[in-house]
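Next up, start.txt (compact mmCIF, C-alpha atoms):
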```txt
# COMPACT_ATOMS: atom_id res chain seq x y z
CA MET S 1 203.60 43.77 1.38
CA ALA S 2 200.45 44.48 -0.62
CA THR S 3 201.12 45.85 -4.11
CA LEU S 4 198.82 46.67 -7.00
CA GLN S 5 200.85 44.49 -9.34
CA SER S 6 200.46 41.43 -7.11
CA PHE S 7 196.71 42.09 -6.94
CA ILE S 8 196.49 42.42 -10.74
CA ASN S 9 198.57 39.30 -11.29
CA TYR S 10 196.42 37.22 -8.94
CA MET S 11 193.18 38.28 -10.63
CA VAL S 12 194.58 37.81 -14.14
CA ASN S 13 195.93 34.35 -13.28
CA MET S 14 192.50 33.25 -12.08
CA CYS S 15 190.85 34.61 -15.22
CA ASN S 16 193.36 32.83 -17.47
CA ASP S 17 192.91 29.49 -15.70
CA ASN S 18 189.80 27.69 -16.99
CA SER S 19 189.52 25.65 -13.82
CA TYR S 20 188.08 28.86 -12.35
CA GLY S 21 184.51 29.73 -13.32
CA TYR S 22 181.60 32.00 -12.48
CA LYS S 23 179.05 31.18 -9.81
CA PHE S 24 176.75 33.84 -8.36
CA GLY S 25 177.46 34.01 -4.63
CA GLY S 26 180.46 31.69 -5.02
CA TRP S 27 183.48 32.07 -2.76
CA GLY S 28 185.72 29.38 -4.21
CA PRO S 29 187.80 27.42 -4.08
CA LYS S 30 187.32 27.54 -7.86
CA ASP S 31 184.07 29.35 -8.59
CA TYR S 32 183.48 33.01 -7.78
CA ASP S 33 181.26 35.88 -8.83
CA CYS S 34 182.34 39.35 -9.93
CA ALA S 35 182.76 40.77 -6.43
CA SER S 36 184.06 37.71 -4.58
CA SER S 37 186.82 37.23 -7.20
CA ILE S 38 188.14 40.76 -6.66
CA ILE S 39 187.73 40.69 -2.88
CA THR S 40 189.51 37.32 -2.73
CA SER S 41 192.32 38.61 -4.96
CA LEU S 42 192.76 41.60 -2.66
CA LYS S 43 192.78 39.51 0.53
CA ASN S 44 195.17 36.91 -0.87
CA THR S 45 197.68 39.59 -1.87
CA GLY S 46 197.71 41.35 1.49
CA PHE S 47 195.12 44.11 1.12
CA ALA S 48 192.67 44.92 3.90
CA VAL S 49 189.06 44.68 2.71
CA GLY S 50 187.10 45.28 5.91
CA GLY S 51 183.70 43.64 5.68
CA ALA S 52 183.42 43.80 1.87
CA THR S 53 181.22 40.96 0.58
CA TYR S 54 179.43 42.21 -2.56
CA THR S 55 179.27 45.11 -5.01
CA GLY S 56 176.96 47.09 -2.74
CA ASN S 57 179.41 47.38 0.15
CA MET S 58 182.78 47.32 -1.60
CA SER S 59 183.08 51.11 -1.81
CA ALA S 60 182.34 51.75 1.88
CA ASN S 61 184.75 49.08 3.04
CA LEU S 62 187.63 49.66 0.64
CA THR S 63 187.60 53.46 1.04
CA ALA S 64 188.14 52.81 4.75
CA HIS S 65 191.32 50.94 3.83
CA GLY S 66 193.21 53.18 1.46
CA TRP S 67 191.08 53.26 -1.69
CA GLN S 68 189.74 56.49 -3.16
CA ARG S 69 186.28 56.57 -4.75
CA ILE S 70 186.12 58.57 -8.00
CA ASN S 71 182.56 58.95 -9.27
CA SER S 72 181.68 58.65 -12.94
CA GLY S 73 180.76 62.34 -13.11
CA THR S 74 184.35 63.34 -12.40
CA ILE S 75 186.15 60.85 -14.65
CA ASN S 76 185.45 59.83 -18.25
CA LEU S 77 184.64 56.12 -18.24
CA SER S 78 183.52 55.89 -21.85
CA SER S 79 187.07 54.76 -22.62
CA SER S 80 190.05 53.57 -20.59
CA ALA S 81 192.11 56.68 -21.27
CA SER S 82 191.74 58.04 -17.73
CA LEU S 83 192.21 54.70 -15.96
CA LYS S 84 195.24 53.30 -14.16
CA ALA S 85 196.15 49.64 -13.86
CA GLY S 86 194.67 48.40 -10.60
CA ASP S 87 191.54 50.56 -10.71
CA ILE S 88 188.45 48.66 -9.56
CA LEU S 89 185.51 49.37 -11.87
CA LEU S 90 182.24 49.39 -9.95
CA ASN S 91 178.53 49.44 -10.62
CA GLU S 92 177.26 49.05 -7.07
CA ALA S 93 173.93 47.53 -8.08
CA ASP S 94 175.16 44.95 -10.57
CA HIS S 95 178.82 44.38 -11.38
CA THR S 96 182.51 44.99 -10.80
CA ALA S 97 185.72 44.30 -12.73
CA LEU S 98 189.43 45.13 -12.55
CA TYR S 99 191.24 47.35 -15.02
CA VAL S 100 194.62 45.71 -15.67
CA GLY S 101 196.14 48.21 -18.13
CA ASN S 102 196.57 48.37 -21.91
CA ASN S 103 192.82 48.85 -22.46
CA GLN S 104 192.11 45.45 -20.83
CA LEU S 105 189.94 44.46 -17.89
CA ALA S 106 189.63 41.22 -15.92
CA GLU S 107 186.27 40.01 -14.71
CA PHE S 108 184.15 37.08 -13.61
CA SER S 109 181.09 37.78 -15.74
CA SER S 110 178.48 35.04 -16.15
CA ASP S 111 177.81 31.29 -15.83
CA TYR S 112 177.40 29.80 -19.31
CA ASP S 113 176.95 26.11 -18.52
CA GLY S 114 175.93 25.70 -14.86
CA LYS S 115 179.09 23.69 -14.20
CA SER S 116 182.20 24.35 -12.16
CA GLY S 117 185.07 25.89 -14.08
CA ASP S 118 184.98 27.76 -17.37
CA SER S 119 184.27 25.66 -20.46
CA SER S 120 183.53 28.74 -22.59
CA GLY S 121 186.59 30.78 -21.72
CA LYS S 122 184.29 33.76 -21.05
CA GLU S 123 183.06 33.14 -17.51
CA ALA S 124 186.31 34.48 -16.05
CA TRP S 125 188.42 36.29 -18.63
CA VAL S 126 190.64 39.20 -19.64
CA HIS S 127 189.44 41.23 -22.61
CA GLY S 128 188.97 44.72 -24.02
CA TYR S 129 187.66 47.54 -21.88
CA TYR S 130 183.96 48.45 -21.95
CA ASN S 131 181.75 50.77 -19.90
CA PHE S 132 179.17 48.58 -18.09
CA PRO S 133 178.20 51.44 -17.19
CA TRP S 134 180.34 51.97 -14.10
CA ASN S 135 179.12 54.29 -11.32
CA CYS S 136 182.64 54.89 -10.06
CA ILE S 137 186.15 53.53 -9.81
CA LEU S 138 188.07 52.67 -6.66
CA ARG S 139 191.71 53.73 -6.92
CA TYR S 140 194.34 52.66 -4.42
CA ASN S 141 196.37 55.29 -2.60
CA THR S 142 199.85 53.78 -2.44
CA THR S 143 200.85 56.03 0.49
CA VAL S 144 198.20 54.63 2.84
CA ASP S 145 199.11 52.34 5.73
CA GLN S 146 197.73 48.85 5.01
CA THR S 147 198.28 47.38 8.48
CA VAL S 148 195.24 45.23 9.34
CA ILE S 149 193.78 46.06 12.75
CA ASN S 150 191.33 43.52 14.14
CA PHE S 151 188.61 44.81 16.44
CA TYR S 152 186.42 42.40 18.39
CA TYR S 153 183.32 43.61 20.20
CA SER S 154 180.11 42.42 21.81
CA VAL S 155 177.11 43.95 23.55
CA ARG S 156 174.59 43.18 26.23
CA ALA S 157 170.92 43.85 25.57
CA GLY S 158 167.94 42.73 27.60
CA GLY S 159 170.28 41.02 30.06
CA THR S 160 171.88 38.81 27.37
CA VAL S 161 175.47 39.09 26.14
CA TYR S 162 175.41 38.47 22.39
CA PRO S 163 178.21 36.84 20.35
CA GLU S 164 181.41 38.73 19.67
CA VAL S 165 181.79 40.32 16.22
CA HIS S 166 185.03 40.77 14.25
CA ASN S 167 185.39 44.09 12.39
CA LEU S 168 182.45 44.46 9.97
CA ALA S 169 181.68 40.76 9.58
CA ASP S 170 178.31 41.54 11.20
CA PHE S 171 176.87 43.93 13.76
CA ALA S 172 176.73 43.52 17.53
CA GLY S 173 173.24 43.50 18.99
CA VAL S 174 169.72 42.55 18.01
CA GLN S 175 167.36 44.85 16.16
CA GLY S 176 164.63 46.00 18.49
CA LYS S 177 166.56 45.38 21.72
CA SER S 178 168.19 48.36 23.44
CA ILE S 179 171.90 47.96 24.20
CA THR S 180 173.00 48.47 27.81
CA ASP S 181 176.68 47.48 27.81
CA VAL S 182 179.58 47.15 25.34
CA ALA S 183 182.91 45.29 25.46
CA ILE S 184 185.74 45.95 22.96
CA ARG S 185 189.21 44.50 22.36
CA VAL S 186 191.84 44.94 19.63
CA ASP S 187 194.80 42.82 18.49
CA LYS S 188 197.26 45.71 17.98
CA GLY S 189 197.54 49.01 19.82
CA THR S 190 195.14 50.03 22.60
CA VAL S 191 191.52 51.09 22.84
CA LYS S 192 189.63 53.05 25.48
CA TYR S 193 185.91 53.58 25.34
CA ARG S 194 182.91 54.83 27.28
CA VAL S 195 179.13 54.94 26.97
CA HIS S 196 176.44 57.50 27.72
CA VAL S 197 173.55 56.27 29.86
CA MET S 198 170.22 57.59 28.62
CA GLY S 199 168.84 60.23 30.95
CA SER S 200 172.02 60.28 33.02
CA GLY S 201 175.48 60.91 31.57
CA TRP S 202 178.83 59.52 30.49
CA LEU S 203 180.34 56.66 32.47
CA PRO S 204 184.14 56.46 33.02
CA TYR S 205 186.43 55.19 30.27
CA VAL S 206 187.37 51.50 30.30
CA THR S 207 190.21 49.75 28.50
CA GLY S 208 189.56 46.06 29.13
CA CYS S 209 187.32 43.45 27.54
CA ASN S 210 186.00 40.93 30.06
CA TRP S 211 182.34 40.47 30.89
CA LYS S 212 183.31 39.15 34.33
CA ASP S 213 185.13 42.39 35.20
CA GLY S 214 182.59 45.02 36.23
CA ASN S 215 185.26 47.65 36.84
CA ASN S 216 187.28 47.75 33.60
CA GLY S 217 186.02 44.87 31.44
CA TYR S 218 183.13 46.60 29.68
CA ALA S 219 181.39 49.97 29.44
CA GLY S 220 177.93 50.20 30.95
CA ASP S 221 175.96 49.54 34.12
CA ALA S 222 173.00 47.49 32.82
CA LYS S 223 171.07 50.65 31.92
CA VAL S 224 170.04 51.65 28.39
CA ILE S 225 172.71 53.65 26.56
CA ASP S 226 172.27 56.17 23.75
CA ALA S 227 175.87 56.99 22.73
CA ILE S 228 179.35 55.48 22.66
CA GLU S 229 182.82 56.97 22.27
CA VAL S 230 185.73 54.81 21.06
CA ASN S 231 189.35 56.01 20.99
CA TYR S 232 191.96 53.83 19.33
CA THR S 233 195.73 54.39 19.69
CA PRO S 234 197.75 52.41 17.11
CA PRO S 235 201.23 50.97 17.59
CA SER S 236 204.21 53.15 16.69
CA GLY S 237 204.49 53.66 12.95
CA VAL S 238 200.88 52.71 12.22
CA LYS S 239 198.34 55.32 11.18
CA GLN S 240 194.88 54.02 11.99
CA ARG S 241 191.84 55.07 13.99
CA ALA S 242 188.53 53.58 15.09
CA GLN S 243 185.61 53.85 12.67
CA TYR S 244 182.27 53.05 14.29
CA ARG S 245 178.54 53.64 14.09
CA VAL S 246 175.28 52.72 15.80
CA SER S 247 171.62 52.63 14.86
CA PRO S 248 168.64 53.83 16.90
CA VAL S 249 166.26 51.06 17.90
CA ASN S 250 164.57 49.78 14.72
CA GLY S 251 166.13 52.63 12.72
CA ASN S 252 168.84 53.16 10.11
CA TYR S 253 172.49 53.67 11.01
CA TYR S 254 173.76 57.10 11.96
CA PRO S 255 176.87 58.34 10.05
CA TRP S 256 180.29 56.85 10.78
CA GLN S 257 182.30 58.37 13.64
CA TYR S 258 186.12 58.35 13.79
CA ASN S 259 187.70 58.13 17.26
CA ALA S 260 186.43 61.14 19.24
CA GLU S 261 186.90 63.57 16.33
CA LYS S 262 184.63 66.60 16.11
CA THR S 263 185.56 67.80 12.62
CA ASN S 264 183.59 67.44 9.39
CA GLY S 265 180.25 67.30 11.18
CA GLN S 266 181.27 64.62 13.67
CA ASP S 267 180.01 64.73 17.27
CA GLY S 268 182.91 63.01 19.01
CA TYR S 269 180.75 59.95 19.61
CA ALA S 270 178.30 57.67 17.81
CA GLY S 271 174.62 57.88 18.68
CA ALA S 272 172.01 60.48 19.55
CA ILE S 273 171.39 61.56 23.13
CA GLY S 274 167.91 60.51 24.20
CA HIS S 275 167.57 57.73 21.63
CA PRO S 276 168.47 54.13 22.60
CA MET S 277 170.57 52.06 20.18
CA ASP S 278 170.24 48.44 19.07
CA ARG S 279 173.16 47.83 16.64
CA PHE S 280 176.88 48.64 16.86
CA GLN S 281 179.66 48.26 14.27
CA LEU S 282 183.40 48.93 14.58
CA GLN S 283 186.58 48.55 12.54
CA GLY S 284 189.97 50.17 12.11
CA CYS S 285 190.62 52.55 9.22
CA THR S 286 193.14 55.12 8.03
```

Starting from the file, lay out its structure as structure tokens.
Amino acid sequence: MATLQSFINYMVNMCNDNSYGYKFGGWGPKDYDCASSIITSLKNTGFAVGGATYTGNMSANLTAHGWQRINSGTINLSSSASLKAGDILLNEADHTALYVGNNQLAEFSSDYDGKSGDSSGKEAWVHGYYNFPWNCILRYNTTVDQTVINFYYSVRAGGTVYPEVHNLADFAGVQGKSITDVAIRVDKGTVKYRVHVMGSGWLPYVTGCNWKDGNNGYAGDAKVIDAIEVNYTPPSGVKQRAQYRVSPVNGNYYPWQYNAEKTNGQDGYAGAIGHPMDRFQLQGCT
């Protein structure tokens, strides 16, 4: 089971082991940067991280998996007095570190010698708290279900079925090419989904994921679609839902949609009627 203490211990152990060093863009096995060290520590101690890969997308991905974002304007970050051990300190443009308690933080900070490992003792280290400045902290909600749900999905556009995507590892589709069909599967629980054909209407729900099955293997009928609805039902005892979004052709993503919810400004589907889409993303979240 994922615990904050196991996460802290993993990160601290890496920082105290000089065989680990800083490398911008590094993902191990021994050299990491500020974000990859924290993301790796989370993953290796059982936390779900979604598609988190760098400081700029850590907040969006971790808040979908049980972490609460607290902005600097609502918490005093000039000192560590308001922090809790396990808080992730984040400046989304430049840096991240982990507060480990007792006015100490752990971080992978900089490469001092261009070599693997840490000859200086300051590339990956635990030391006194400082304000970078941090834009926010990410604080874990210990009551949140941490079950990892794996969604897999692919689309057809321009007559071509493009490679399957896992959670937020990428997006399904090709910018500039209108999507006509979507196929979705999940490793736990069940999913049903449907698409809206531009200029026509909603097609029936499907529950399968098989491009050779035109009846229940994918949603679509080879015509351009402008909206999609995804409903995820988790296994007993698991509290998760589908989080998904699309982008209009050559445009920016619309806001995230959760299942077919219509609260908090949601429409019950992702997309905009009358506007074709070219990218689709999907993952599970609490």

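Counting only C-alpha atoms, Asp17 in chain S has the following residues at most 12 Å away, ignoring those fewer than 3 positions along the same chain: Tyr10, Met11, Val12, Asn13, Met14, Tyr20, Gly21, Lys30, Asp31, Phe108, Gly117, Asp118, Ser119, Ser120, Gly121, Lys122, Glu123, Ala124, Trp125 and Val126 of chain S.
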
Here CA of Thr3 in chain S and CA of Ala85 in chain S stand apart by 11.6 Å

Between S:Val174, S:Ile184, S:Ala227, S:Ala242, which one has atoms that come closest to Tyr254 in chain S, using all atoms listed in the file?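 Under the stated criterion, the closest residue is S:Ala227.
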
Selection near Leu42 in chain S, 8 Å with all atoms listed in the file, sequence-local residues under 6 positions removed, as a ChimeraX atom specification: /S:7,48-49

Exercise. Go through S:Gly56, S:Gly284, S:Gly201, S:Pro248 one by one, measure the shortest atom-to-atom distance of each to Gly220 in chain S using all atoms listed in the file, and give the residue with the smallest value.
Key: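 Of the candidates, the smallest distance to Gly220 in chain S is held by S:Gly201.
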
Atom-to-atom span, CA of Lys177 in chain S and CA of Gln243 in chain S, Å: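 The value is 22.7 Å.
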
| query | Please, what distance in Å, to one decimal, runs between CA of Phe151 in chain S and CA of Cys209 in chain S? | reply |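 The value is 11.3 Å.
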
From the options S:Tyr162, S:Tyr193, S:Trp67, S:Tyr152, which residue's atoms come nearest to Ile137 in chain S, counting all atoms listed in the file?
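Residue with the minimum atom-to-atom distance to Ile137 in chain S: S:Trp67.
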
Applying 9 Å and only C-alpha atoms, which residues near Phe47 in chain S remain after dropping the ones on its own chain fewer than 3 positions away? List them as a ChimeraX atom specification. /S:1-3,7,41-44,65,146-148

Please, what is the axis-aligned box for every listed atom of range 272-286 of chain S with 5 Å on each side, as centre and edge lengths in Å to one decimal, as AutoDock Vina command-line options?
```
--center_x 180.4 --center_y 54.7 --center_z 16.1 --size_x 35.6 --size_y 23.7 --size_z 26.2
```
